[in-house]
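The block underneath contains the structure these notes are about, expressed in structure tokens.
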Amino acid sequence: MQIARKLRKVSPSPTLAIDSKAKQLKASGIDIINFGAGEPDFDTPDYIKQAAITAIQAGYTKYTPASGSPELKEAVCEKLRRENGLDYTMKEIVISCGAKHSIYNIFQVLLNPGDEVLIPAPYWVTYPEAVKLAGGKPVIMKTTEKTGFKITAAALRRKINPKTRVLILNSPSNPTGAVYTEEDLRDIMKVAVAKKIHVLSDEIYEHLVYDGFRHVSPARVIPEAKAWTIVVNGVSKTFSMTGWRIGYTAGPEELVAGIGKLQSHSTSNPTSIAMKAAVAALTQPASALPEMKTAFRERRDFMLSKLGSLPGVSCLKPRGAFYVFPNVSGLLGKKYGDRTVTTSLQLAEYLLERARIAVVPGGGFGADEFIRISYATSMDNIKQGLARMAEALSKT
Ligand code: PMP
Ligand code: GLU
């Protein structure tokens, strides 16, 4: 069968693939500990579920405007004002089927063939693929532990050329947990504004920050920043609502109108019932969040202490999200039994077979000397999983 050329260049999401492989093995009775998960292990809070149940019973089960319900757009405007100090009107908001869909749509609307998008690496697996699907060219900006996995304004200035249209920023970051400070962002936005490039700011992990770090949206760091920033966010992580599929974009009216048009011929509106649930999530106090955050921080600290004692492994302290991203270059090239492990993928495969733990190889994030371990799983699982990892790695 002939498949479109643009799809041949795109790889399936490795994070979703590992997660479903681990879930499948577990369902078939194999004792797998899943560190691949990119979703909170907490349930969606009851008051949010109840809003959806009420919506169904009240017959809120029909089409809404393709760009999302006015009620949810209003709740998003209010949330952005209250939590982020950003002033948007409803015409600058579009609701999509998850933040991943928002990102896909943004590139479909913004890019012409050959337009370049700067992506700091390590990056979330979907960014380069979404750019390619829109005919754009991903340009990777490598970062290292030395700069805390953050780009600098000077590096950005050097990388911009006449074809550059967008820079992606993801703070807190998946997979590194890096968090940009207000000062970092001010310097970066000065360059972006001067060079007239858009900054897609993926703020999906904004509430999962630790150690006194604070999330700041780049849209507010200098007066001209808002016009060049495209804010992406959603309810998946903050409210444990990954399956509900609600995300949103706040940005210039023309872009938002373009996304509405695109949705009117593709998905139509995001699910009406899920939008009612998202209204409840955004308008009522986020009462489940403090408990979740405390659990995540404790698990992160435990994981860091255990990983720190493994020979050949080092790990920068992540300041946000729910992943650790250890450097495993000290393990690559080693022999475990009769098998030589030379890539992060081979290491992940070995750990799955020998330790029965699922981790995501760093290759998919543009950083092959690393693996991603999610701490969105119970402390018991973490204790057991890391003990098994230590045992497997001692088999040289
Ligand atoms: N951005 C990042 C950095 C993510 O990790 C995720 C998680 N899948 C998303 C966006 C998309 O989230 P969703 O589509 O569930 O809203
Ligand atoms: N963002 C999550 C992750 O990185 C969910 C998986 C996905 O959407 O690709 O694991």
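Residues in the structure tokens are numbered from 1 in each chain, the chains being A, B, ... in the order shown, and ligands are numbered from 1 in the order shown.
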Contacts of ligand 1, 9 Å or closer, only C-alpha atoms and all ligand atoms, given as a compact mmCIF listing (two decimals) with all heavy atoms, in the first residue's frame:
```
# COMPACT_ATOMS: atom_id res chain seq x y z
N THR A 15 7.15 6.92 23.95
CA THR A 15 6.65 6.95 25.33
C THR A 15 5.35 6.16 25.43
O THR A 15 5.17 5.33 26.32
CB THR A 15 6.44 8.40 25.80
OG1 THR A 15 5.76 9.12 24.78
CG2 THR A 15 7.75 9.06 26.11
N LEU A 16 4.45 6.42 24.47
CA LEU A 16 3.18 5.68 24.48
C LEU A 16 3.43 4.20 24.21
O LEU A 16 2.78 3.33 24.79
CB LEU A 16 2.21 6.25 23.44
CG LEU A 16 1.57 7.61 23.77
CD1 LEU A 16 0.60 8.03 22.67
CD2 LEU A 16 0.83 7.56 25.10
N GLY A 38 3.75 8.40 31.51
CA GLY A 38 3.76 9.86 31.43
C GLY A 38 2.48 10.42 31.97
O GLY A 38 1.98 11.42 31.48
N GLU A 39 1.92 9.76 32.97
CA GLU A 39 0.65 10.25 33.53
C GLU A 39 0.62 10.02 35.03
O GLU A 39 1.17 9.02 35.53
CB GLU A 39 -0.54 9.54 32.87
CG GLU A 39 -0.55 8.05 33.03
CD GLU A 39 -1.70 7.39 32.26
OE1 GLU A 39 -2.55 8.11 31.72
OE2 GLU A 39 -1.73 6.16 32.22
N SER A 96 -8.58 22.21 22.39
CA SER A 96 -8.31 21.07 21.50
C SER A 96 -8.37 19.77 22.29
O SER A 96 -8.60 19.78 23.50
CB SER A 96 -6.94 21.23 20.83
OG SER A 96 -6.91 22.44 20.09
N CYS A 97 -8.14 18.65 21.57
CA CYS A 97 -8.29 17.32 22.20
C CYS A 97 -6.96 16.93 22.86
O CYS A 97 -6.30 15.97 22.46
CB CYS A 97 -8.68 16.29 21.15
SG CYS A 97 -10.09 16.83 20.17
N GLY A 98 -6.56 17.66 23.88
CA GLY A 98 -5.28 17.42 24.56
C GLY A 98 -4.24 18.42 24.07
O GLY A 98 -4.33 18.95 22.95
N ALA A 99 -3.23 18.65 24.92
CA ALA A 99 -2.17 19.60 24.55
C ALA A 99 -1.38 19.09 23.34
O ALA A 99 -0.87 19.87 22.54
CB ALA A 99 -1.24 19.82 25.74
N LYS A 100 -1.30 17.78 23.19
CA LYS A 100 -0.60 17.21 22.03
C LYS A 100 -1.29 17.66 20.74
O LYS A 100 -0.65 18.05 19.77
CB LYS A 100 -0.60 15.69 22.13
CG LYS A 100 0.24 15.01 21.08
CD LYS A 100 0.15 13.49 21.20
CE LYS A 100 1.10 12.94 22.23
NZ LYS A 100 1.07 11.46 22.29
N HIS A 101 -2.61 17.64 20.76
CA HIS A 101 -3.40 18.10 19.61
C HIS A 101 -3.20 19.60 19.40
O HIS A 101 -3.09 20.07 18.25
CB HIS A 101 -4.88 17.77 19.88
CG HIS A 101 -5.79 18.01 18.72
ND1 HIS A 101 -7.07 18.50 18.88
CD2 HIS A 101 -5.64 17.84 17.39
CE1 HIS A 101 -7.66 18.62 17.71
NE2 HIS A 101 -6.80 18.22 16.79
N SER A 102 -3.12 20.36 20.49
CA SER A 102 -2.88 21.81 20.37
C SER A 102 -1.56 22.05 19.62
O SER A 102 -1.49 22.87 18.71
CB SER A 102 -2.77 22.47 21.76
OG SER A 102 -3.93 22.24 22.51
N ILE A 103 -0.53 21.30 20.01
CA ILE A 103 0.80 21.48 19.41
C ILE A 103 0.77 21.11 17.92
O ILE A 103 1.28 21.83 17.06
CB ILE A 103 1.84 20.65 20.19
CG1 ILE A 103 2.00 21.22 21.60
CG2 ILE A 103 3.18 20.58 19.47
CD1 ILE A 103 2.66 20.28 22.61
N TYR A 123 14.30 16.75 24.37
CA TYR A 123 12.97 17.30 24.09
C TYR A 123 11.91 16.23 24.29
O TYR A 123 12.21 15.03 24.24
CB TYR A 123 12.89 17.81 22.65
CG TYR A 123 13.46 16.84 21.64
CD1 TYR A 123 12.78 15.68 21.26
CD2 TYR A 123 14.72 17.06 21.07
CE1 TYR A 123 13.32 14.79 20.35
CE2 TYR A 123 15.27 16.16 20.15
CZ TYR A 123 14.56 15.03 19.80
OH TYR A 123 15.10 14.13 18.91
N TRP A 124 10.68 16.67 24.46
CA TRP A 124 9.57 15.72 24.49
C TRP A 124 9.40 15.14 23.08
O TRP A 124 9.42 15.87 22.09
CB TRP A 124 8.27 16.39 24.96
CG TRP A 124 7.11 15.44 24.97
CD1 TRP A 124 7.10 14.16 25.44
CD2 TRP A 124 5.79 15.68 24.48
NE1 TRP A 124 5.86 13.59 25.28
CE2 TRP A 124 5.04 14.50 24.69
CE3 TRP A 124 5.17 16.78 23.87
CZ2 TRP A 124 3.71 14.40 24.31
CZ3 TRP A 124 3.85 16.67 23.50
CH2 TRP A 124 3.12 15.49 23.74
N VAL A 125 9.26 13.81 23.03
CA VAL A 125 9.31 13.03 21.79
C VAL A 125 8.44 13.56 20.65
O VAL A 125 8.77 13.39 19.47
CB VAL A 125 8.92 11.56 22.06
CG1 VAL A 125 9.97 10.89 22.93
CG2 VAL A 125 7.56 11.45 22.74
N THR A 126 7.33 14.19 20.98
CA THR A 126 6.36 14.58 19.94
C THR A 126 6.77 15.83 19.15
O THR A 126 6.35 16.00 18.00
CB THR A 126 4.97 14.77 20.60
OG1 THR A 126 4.46 13.47 20.93
CG2 THR A 126 3.97 15.46 19.70
N TYR A 127 7.58 16.70 19.75
CA TYR A 127 7.85 17.99 19.09
C TYR A 127 8.40 17.85 17.67
O TYR A 127 7.83 18.42 16.73
CB TYR A 127 8.80 18.86 19.92
CG TYR A 127 8.29 19.26 21.29
CD1 TYR A 127 9.16 19.36 22.37
CD2 TYR A 127 6.95 19.57 21.51
CE1 TYR A 127 8.72 19.75 23.63
CE2 TYR A 127 6.50 19.95 22.77
CZ TYR A 127 7.39 20.03 23.82
OH TYR A 127 6.95 20.40 25.07
N ASN A 170 9.73 24.30 26.98
CA ASN A 170 8.89 23.41 27.79
C ASN A 170 9.46 23.43 29.21
O ASN A 170 10.41 22.76 29.51
CB ASN A 170 8.95 21.99 27.18
CG ASN A 170 8.24 20.95 28.04
OD1 ASN A 170 8.68 19.81 28.12
ND2 ASN A 170 7.15 21.33 28.66
N SER A 171 8.82 24.24 30.03
CA SER A 171 9.28 24.41 31.42
C SER A 171 8.08 24.34 32.35
O SER A 171 7.13 25.08 32.15
CB SER A 171 9.98 25.76 31.56
OG SER A 171 10.32 26.01 32.91
N PRO A 172 8.13 23.44 33.34
CA PRO A 172 9.08 22.38 33.59
C PRO A 172 9.15 21.40 32.41
O PRO A 172 8.14 21.18 31.73
CB PRO A 172 8.51 21.68 34.82
CG PRO A 172 7.57 22.64 35.45
CD PRO A 172 7.04 23.48 34.35
N SER A 173 10.33 20.83 32.23
CA SER A 173 10.58 20.02 31.04
C SER A 173 10.31 18.53 31.22
O SER A 173 10.64 17.95 32.24
CB SER A 173 12.05 20.20 30.63
OG SER A 173 12.54 19.05 29.96
N ASN A 174 9.70 17.97 30.23
CA ASN A 174 9.69 16.52 30.02
C ASN A 174 10.73 16.27 28.95
O ASN A 174 10.57 16.81 27.84
CB ASN A 174 8.30 16.09 29.55
CG ASN A 174 8.22 14.62 29.19
OD1 ASN A 174 9.16 13.88 29.40
ND2 ASN A 174 7.09 14.21 28.64
N PRO A 175 11.82 15.58 29.16
CA PRO A 175 12.06 14.62 30.23
C PRO A 175 12.99 15.10 31.36
O PRO A 175 13.19 14.35 32.31
CB PRO A 175 12.80 13.51 29.47
CG PRO A 175 13.66 14.26 28.49
CD PRO A 175 12.82 15.45 28.08
N ASP A 202 5.13 25.35 26.17
CA ASP A 202 4.34 24.20 26.62
C ASP A 202 4.39 24.18 28.15
O ASP A 202 5.42 23.86 28.73
CB ASP A 202 4.94 22.93 26.00
CG ASP A 202 4.19 21.67 26.42
OD1 ASP A 202 3.40 21.72 27.38
OD2 ASP A 202 4.44 20.62 25.79
N GLU A 203 3.27 24.57 28.77
CA GLU A 203 3.25 24.77 30.23
C GLU A 203 2.47 23.67 30.95
O GLU A 203 1.98 23.87 32.06
CB GLU A 203 2.68 26.17 30.51
CG GLU A 203 3.45 27.23 29.73
CD GLU A 203 3.08 28.69 30.02
OE1 GLU A 203 2.27 28.93 30.93
OE2 GLU A 203 3.63 29.57 29.32
N ILE A 204 2.41 22.49 30.34
CA ILE A 204 1.56 21.42 30.86
C ILE A 204 1.95 20.97 32.28
O ILE A 204 1.11 20.50 33.04
CB ILE A 204 1.53 20.22 29.86
CG1 ILE A 204 0.39 19.26 30.15
CG2 ILE A 204 2.84 19.47 29.83
CD1 ILE A 204 -0.80 19.43 29.30
N TYR A 205 3.24 21.13 32.64
CA TYR A 205 3.68 20.71 33.99
C TYR A 205 3.79 21.89 34.96
O TYR A 205 4.49 21.81 35.97
CB TYR A 205 5.03 19.98 33.91
CG TYR A 205 4.97 18.67 33.16
CD1 TYR A 205 5.37 18.58 31.83
CD2 TYR A 205 4.48 17.52 33.78
CE1 TYR A 205 5.30 17.37 31.14
CE2 TYR A 205 4.42 16.31 33.10
CZ TYR A 205 4.81 16.26 31.78
OH TYR A 205 4.74 15.06 31.10
N VAL A 232 0.62 26.87 25.47
CA VAL A 232 -0.10 25.59 25.38
C VAL A 232 -0.20 25.02 26.78
O VAL A 232 0.77 25.02 27.54
CB VAL A 232 0.66 24.59 24.47
CG1 VAL A 232 0.06 23.20 24.57
CG2 VAL A 232 0.65 25.07 23.03
N ASN A 233 -1.38 24.55 27.12
CA ASN A 233 -1.56 23.95 28.44
C ASN A 233 -2.75 22.98 28.35
O ASN A 233 -3.34 22.81 27.28
CB ASN A 233 -1.80 25.05 29.49
CG ASN A 233 -1.34 24.64 30.87
OD1 ASN A 233 -1.35 23.45 31.22
ND2 ASN A 233 -0.94 25.59 31.69
N GLY A 234 -3.08 22.37 29.47
CA GLY A 234 -4.19 21.42 29.46
C GLY A 234 -4.44 20.90 30.86
O GLY A 234 -3.78 21.33 31.81
N VAL A 235 -5.37 19.98 30.97
CA VAL A 235 -5.76 19.50 32.30
C VAL A 235 -5.16 18.12 32.63
O VAL A 235 -5.33 17.63 33.74
CB VAL A 235 -7.30 19.45 32.45
CG1 VAL A 235 -7.88 20.87 32.41
CG2 VAL A 235 -7.95 18.58 31.37
N SER A 236 -4.45 17.51 31.67
CA SER A 236 -3.98 16.13 31.84
C SER A 236 -3.17 15.89 33.11
O SER A 236 -3.43 14.94 33.84
CB SER A 236 -3.13 15.70 30.65
OG SER A 236 -3.93 15.44 29.53
N LYS A 237 -2.17 16.73 33.34
CA LYS A 237 -1.21 16.44 34.41
C LYS A 237 -1.68 17.02 35.75
O LYS A 237 -1.65 16.33 36.77
CB LYS A 237 0.18 16.99 34.06
CG LYS A 237 0.62 16.73 32.63
CD LYS A 237 0.98 15.30 32.32
CE LYS A 237 1.22 15.13 30.83
NZ LYS A 237 1.72 13.87 30.41
N MET A 241 -6.02 13.99 34.41
CA MET A 241 -7.11 13.83 33.43
C MET A 241 -6.57 13.45 32.05
O MET A 241 -7.07 13.92 31.02
CB MET A 241 -7.92 15.13 33.33
CG MET A 241 -8.74 15.42 34.58
SD MET A 241 -9.59 17.01 34.46
CE MET A 241 -10.84 16.67 33.22
N THR A 242 -5.56 12.57 32.02
CA THR A 242 -4.93 12.24 30.73
C THR A 242 -5.90 11.65 29.71
O THR A 242 -5.80 11.93 28.53
CB THR A 242 -3.76 11.26 30.95
OG1 THR A 242 -4.20 10.22 31.84
CG2 THR A 242 -2.56 11.95 31.56
N GLY A 243 -6.85 10.86 30.20
CA GLY A 243 -7.77 10.20 29.25
C GLY A 243 -8.91 11.08 28.77
O GLY A 243 -9.60 10.71 27.82
N TRP A 244 -9.08 12.25 29.38
CA TRP A 244 -10.23 13.09 29.01
C TRP A 244 -9.97 13.87 27.74
O TRP A 244 -10.89 14.30 27.07
CB TRP A 244 -10.56 14.06 30.16
CG TRP A 244 -10.97 13.41 31.42
CD1 TRP A 244 -10.16 12.76 32.31
CD2 TRP A 244 -12.30 13.32 31.95
NE1 TRP A 244 -10.90 12.29 33.37
CE2 TRP A 244 -12.21 12.63 33.18
CE3 TRP A 244 -13.55 13.78 31.53
CZ2 TRP A 244 -13.33 12.37 33.97
CZ3 TRP A 244 -14.65 13.53 32.32
CH2 TRP A 244 -14.54 12.83 33.52
N ARG A 245 -8.71 14.10 27.42
CA ARG A 245 -8.26 14.74 26.20
C ARG A 245 -8.72 16.19 26.04
O ARG A 245 -9.42 16.55 25.08
CB ARG A 245 -8.65 13.92 24.94
CG ARG A 245 -8.35 12.45 24.97
CD ARG A 245 -6.90 12.12 25.34
NE ARG A 245 -5.91 12.76 24.50
CZ ARG A 245 -4.85 13.42 25.02
NH1 ARG A 245 -4.63 13.52 26.32
NH2 ARG A 245 -3.99 13.98 24.19
N ILE A 246 -8.34 17.02 27.00
CA ILE A 246 -8.62 18.46 26.86
C ILE A 246 -7.32 19.25 27.04
O ILE A 246 -6.66 19.16 28.07
CB ILE A 246 -9.66 18.95 27.90
CG1 ILE A 246 -11.02 18.25 27.68
CG2 ILE A 246 -9.83 20.47 27.84
CD1 ILE A 246 -11.75 18.60 26.39
N GLY A 247 -6.99 20.03 26.01
CA GLY A 247 -5.85 20.94 26.07
C GLY A 247 -6.28 22.27 25.46
O GLY A 247 -7.38 22.36 24.88
N TYR A 248 -5.45 23.27 25.58
CA TYR A 248 -5.83 24.55 24.97
C TYR A 248 -4.63 25.37 24.55
O TYR A 248 -3.51 25.14 25.00
CB TYR A 248 -6.74 25.37 25.92
CG TYR A 248 -6.18 25.59 27.31
CD1 TYR A 248 -5.34 26.66 27.60
CD2 TYR A 248 -6.50 24.70 28.34
CE1 TYR A 248 -4.85 26.85 28.88
CE2 TYR A 248 -6.00 24.90 29.63
CZ TYR A 248 -5.18 25.97 29.89
OH TYR A 248 -4.69 26.17 31.15
N ALA A 321 7.99 18.56 36.96
CA ALA A 321 7.40 17.41 36.25
C ALA A 321 7.48 16.15 37.13
O ALA A 321 7.59 16.26 38.35
CB ALA A 321 8.03 17.21 34.87
```
As a list in words, please: the residues near Glu183 (chain A) (cut-off 12 Å, only C-alpha atoms, same-chain neighbours under 3 positions excluded).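 Near Glu183 (chain A), the qualifying residues are Thr152, Ala153, Val179, Tyr180, Arg186, Asp187, Ile188, Met189, Lys190, Arg214, His215, Val216, Ser217, Pro218, Arg220, Val221 and Ile222 of chain A.
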Can I get the selection written as a compact mmCIF listing (two decimals), in the first residue's frame, with all heavy atoms?
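again_33.txt written:
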```txt
# COMPACT_ATOMS: atom_id res chain seq x y z
N THR A 152 20.55 28.98 26.40
CA THR A 152 20.83 30.35 26.83
C THR A 152 20.41 31.30 25.70
O THR A 152 20.27 30.87 24.53
CB THR A 152 22.34 30.55 27.08
OG1 THR A 152 23.03 30.29 25.85
CG2 THR A 152 22.85 29.62 28.17
N ALA A 153 20.24 32.57 26.06
CA ALA A 153 19.86 33.57 25.05
C ALA A 153 20.95 33.67 23.98
O ALA A 153 20.65 33.81 22.79
CB ALA A 153 19.64 34.91 25.73
N VAL A 179 13.65 23.71 34.97
CA VAL A 179 12.70 24.81 35.10
C VAL A 179 13.43 26.12 34.79
O VAL A 179 14.45 26.42 35.41
CB VAL A 179 12.09 24.86 36.52
CG1 VAL A 179 11.18 26.07 36.68
CG2 VAL A 179 11.31 23.58 36.83
N TYR A 180 12.93 26.88 33.84
CA TYR A 180 13.52 28.17 33.49
C TYR A 180 13.10 29.22 34.52
O TYR A 180 11.93 29.27 34.89
CB TYR A 180 13.07 28.61 32.09
CG TYR A 180 13.78 27.88 30.96
CD1 TYR A 180 13.41 26.60 30.58
CD2 TYR A 180 14.82 28.49 30.26
CE1 TYR A 180 14.05 25.93 29.56
CE2 TYR A 180 15.48 27.83 29.22
CZ TYR A 180 15.09 26.55 28.88
OH TYR A 180 15.73 25.89 27.85
N ARG A 186 13.48 36.10 30.49
CA ARG A 186 13.55 37.49 30.04
C ARG A 186 14.62 37.62 28.95
O ARG A 186 14.38 38.20 27.90
CB ARG A 186 13.86 38.39 31.23
CG ARG A 186 13.50 39.84 30.97
CD ARG A 186 13.64 40.71 32.20
NE ARG A 186 12.80 40.25 33.29
CZ ARG A 186 13.22 40.02 34.54
NH1 ARG A 186 14.48 40.19 34.86
NH2 ARG A 186 12.37 39.63 35.47
N ASP A 187 15.77 37.02 29.20
CA ASP A 187 16.86 37.10 28.21
C ASP A 187 16.46 36.42 26.90
O ASP A 187 16.73 36.91 25.81
CB ASP A 187 18.13 36.42 28.77
CG ASP A 187 18.71 37.20 29.94
OD1 ASP A 187 18.33 38.38 30.11
OD2 ASP A 187 19.53 36.63 30.69
N ILE A 188 15.81 35.27 27.02
CA ILE A 188 15.41 34.52 25.82
C ILE A 188 14.34 35.30 25.05
O ILE A 188 14.41 35.42 23.82
CB ILE A 188 14.91 33.12 26.23
CG1 ILE A 188 16.10 32.26 26.67
CG2 ILE A 188 14.14 32.44 25.09
CD1 ILE A 188 15.73 30.93 27.29
N MET A 189 13.37 35.86 25.75
CA MET A 189 12.30 36.56 25.07
C MET A 189 12.78 37.85 24.40
O MET A 189 12.24 38.26 23.37
CB MET A 189 11.13 36.86 26.02
CG MET A 189 10.32 35.64 26.41
SD MET A 189 9.84 34.54 25.05
CE MET A 189 8.70 35.56 24.12
N LYS A 190 13.81 38.46 24.97
CA LYS A 190 14.36 39.66 24.31
C LYS A 190 14.88 39.29 22.93
O LYS A 190 14.67 40.01 21.96
CB LYS A 190 15.50 40.25 25.16
CG LYS A 190 15.01 41.10 26.31
CD LYS A 190 16.20 41.71 27.03
CE LYS A 190 15.76 42.27 28.37
NZ LYS A 190 16.88 42.41 29.31
N ARG A 214 9.48 28.31 40.83
CA ARG A 214 8.17 28.86 40.48
C ARG A 214 8.05 28.82 38.96
O ARG A 214 9.00 29.14 38.25
CB ARG A 214 8.14 30.32 40.96
CG ARG A 214 6.77 30.90 41.20
CD ARG A 214 6.93 32.20 41.99
NE ARG A 214 7.73 33.19 41.28
CZ ARG A 214 7.24 34.12 40.46
NH1 ARG A 214 5.95 34.23 40.26
NH2 ARG A 214 8.03 34.99 39.85
N HIS A 215 6.87 28.45 38.49
CA HIS A 215 6.69 28.48 37.04
C HIS A 215 6.33 29.91 36.61
O HIS A 215 5.47 30.54 37.20
CB HIS A 215 5.55 27.55 36.63
CG HIS A 215 5.08 27.80 35.22
ND1 HIS A 215 5.78 27.36 34.12
CD2 HIS A 215 4.04 28.50 34.75
CE1 HIS A 215 5.15 27.76 33.03
NE2 HIS A 215 4.09 28.45 33.38
N VAL A 216 6.98 30.38 35.56
CA VAL A 216 6.65 31.70 35.00
C VAL A 216 6.40 31.52 33.52
O VAL A 216 7.16 30.82 32.84
CB VAL A 216 7.83 32.69 35.20
CG1 VAL A 216 7.48 34.06 34.62
CG2 VAL A 216 8.19 32.81 36.66
N SER A 217 5.34 32.14 33.01
CA SER A 217 5.10 32.04 31.57
C SER A 217 5.96 33.08 30.85
O SER A 217 5.97 34.25 31.24
CB SER A 217 3.63 32.29 31.25
OG SER A 217 3.49 32.30 29.83
N PRO A 218 6.64 32.64 29.77
CA PRO A 218 7.47 33.62 29.03
C PRO A 218 6.62 34.77 28.46
O PRO A 218 7.15 35.84 28.17
CB PRO A 218 8.09 32.79 27.90
CG PRO A 218 7.39 31.48 27.89
CD PRO A 218 6.77 31.28 29.24
N ARG A 220 4.85 36.78 29.87
CA ARG A 220 4.71 37.97 30.72
C ARG A 220 6.03 38.57 31.18
O ARG A 220 6.06 39.48 31.99
CB ARG A 220 3.84 37.66 31.93
CG ARG A 220 4.35 36.51 32.77
CD ARG A 220 3.66 36.45 34.09
NE ARG A 220 4.01 37.61 34.91
CZ ARG A 220 3.66 37.77 36.17
NH1 ARG A 220 2.91 36.87 36.76
NH2 ARG A 220 4.03 38.83 36.86
N VAL A 221 7.15 38.07 30.65
CA VAL A 221 8.42 38.52 31.23
C VAL A 221 8.90 39.87 30.71
O VAL A 221 9.67 40.56 31.39
CB VAL A 221 9.55 37.45 31.10
CG1 VAL A 221 9.24 36.23 31.97
CG2 VAL A 221 9.78 37.05 29.65
N ILE A 222 8.50 40.24 29.49
CA ILE A 222 8.73 41.61 29.01
C ILE A 222 7.45 42.05 28.29
O ILE A 222 6.69 41.20 27.80
CB ILE A 222 9.96 41.74 28.05
CG1 ILE A 222 9.89 40.74 26.89
CG2 ILE A 222 11.28 41.60 28.79
CD1 ILE A 222 10.94 40.97 25.79
```
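Here the question is which of A:Ala121, A:Met90, A:Ala17, A:Ala257 gets nearest to Gly363 (chain A) using only C-alpha atoms, and that residue is A:Ala121.
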Hey, can you check how far CA of Pro113 (chain A) sits from CA of Lys6 (chain A)?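 Taking CA of Pro113 (chain A) as the start and CA of Lys6 (chain A) as the end point, the length is 11.4 Å.
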Suppose you want the space between CA of Thr229 (chain A) and CA of Ser201 (chain A); what is it in Å?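 Between CA of Thr229 (chain A) and CA of Ser201 (chain A) the gap is 6.8 Å.
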Could you give me, as number ranges by chain, each residue of region 77-265 of chain A that DSSP assigns to strand (DSSP E or B) when run on this structure's backbone? A: 93-96, 116-121, 137-142, 164-170, 198-202, 209, 229-234, 247-250
Just-selected residues, C-alpha atoms written as an mmCIF file, in the first residue's frame:
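Written output follows (again.cif):
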```cif
data_model
loop_
_atom_site.group_PDB
_atom_site.id
_atom_site.type_symbol
_atom_site.label_atom_id
_atom_site.label_comp_id
_atom_site.auth_asym_id
_atom_site.auth_seq_id
_atom_site.Cartn_x
_atom_site.Cartn_y
_atom_site.Cartn_z
ATOM 1 C CA ILE A 93 -8.304 30.859 23.122
ATOM 2 C CA VAL A 94 -8.966 27.567 21.328
ATOM 3 C CA ILE A 95 -9.716 24.260 23.041
ATOM 4 C CA SER A 96 -8.312 21.070 21.498
ATOM 5 C CA GLU A 116 12.417 25.869 10.798
ATOM 6 C CA VAL A 117 11.500 25.204 14.407
ATOM 7 C CA LEU A 118 14.140 25.312 17.141
ATOM 8 C CA ILE A 119 13.788 22.464 19.625
ATOM 9 C CA PRO A 120 16.040 22.333 22.695
ATOM 10 C CA ALA A 121 17.207 18.755 23.372
ATOM 11 C CA LYS A 137 12.140 21.300 9.655
ATOM 12 C CA PRO A 138 13.049 20.547 13.285
ATOM 13 C CA VAL A 139 16.384 22.130 14.243
ATOM 14 C CA ILE A 140 17.755 20.668 17.440
ATOM 15 C CA MET A 141 19.579 22.819 20.014
ATOM 16 C CA LYS A 142 21.581 20.473 22.202
ATOM 17 C CA THR A 164 13.486 30.195 11.835
ATOM 18 C CA ARG A 165 9.819 30.672 12.742
ATOM 19 C CA VAL A 166 9.353 29.127 16.184
ATOM 20 C CA LEU A 167 11.273 28.171 19.322
ATOM 21 C CA ILE A 168 9.729 25.547 21.603
ATOM 22 C CA LEU A 169 10.121 26.036 25.346
ATOM 23 C CA ASN A 170 8.893 23.408 27.793
ATOM 24 C CA HIS A 198 7.293 32.811 17.955
ATOM 25 C CA VAL A 199 7.842 30.960 21.214
ATOM 26 C CA LEU A 200 5.614 27.960 21.743
ATOM 27 C CA SER A 201 5.509 27.657 25.523
ATOM 28 C CA ASP A 202 4.338 24.203 26.623
ATOM 29 C CA VAL A 209 7.461 22.357 40.565
ATOM 30 C CA THR A 229 4.248 33.711 22.706
ATOM 31 C CA ILE A 230 1.856 30.860 22.080
ATOM 32 C CA VAL A 231 0.839 29.290 25.385
ATOM 33 C CA VAL A 232 -0.098 25.592 25.379
ATOM 34 C CA ASN A 233 -1.562 23.950 28.436
ATOM 35 C CA GLY A 234 -4.189 21.417 29.459
ATOM 36 C CA GLY A 247 -5.853 20.943 26.073
ATOM 37 C CA TYR A 248 -5.834 24.550 24.972
ATOM 38 C CA THR A 249 -3.885 27.257 23.159
ATOM 39 C CA ALA A 250 -3.738 30.937 24.044
#
```
Mind giving me the straight-line distance from CA of Leu352 (chain A) to CA of Ile30 (chain A) in Å, one decimal?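 The value is 11.0 Å.
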Given the choices A:Ala27, A:Ala51, A:Ala154, A:Leu255, which gets closest to Gln108 (chain A) if the distance is worked out from only C-alpha atoms?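 Of A:Ala27, A:Ala51, A:Ala154, A:Leu255, the one nearest Gln108 (chain A), counting only C-alpha atoms, is A:Leu255.
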Taking 4 positions as the minimum chain separation for residues in the same chain, which residues sit within 8 Å of Thr283 (chain A) when counting only C-alpha atoms? Answer as a PyMOL selection string. chain A and resi 75+79+279
Which one of A:Gly330, A:Gly385, A:Gly36, A:Gly136 sits closest to Val359 (chain A) if you count only C-alpha atoms?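 Closest to Val359 (chain A) of all the choices is A:Gly36.
If you count only C-alpha atoms and ignore residues fewer than 2 places along the chain from Ile32 (chain A), what sits within 7 Å of it is Ala22, Leu25, Lys26, Ile30, Asn34, Arg356 and Ile357 of chain A.
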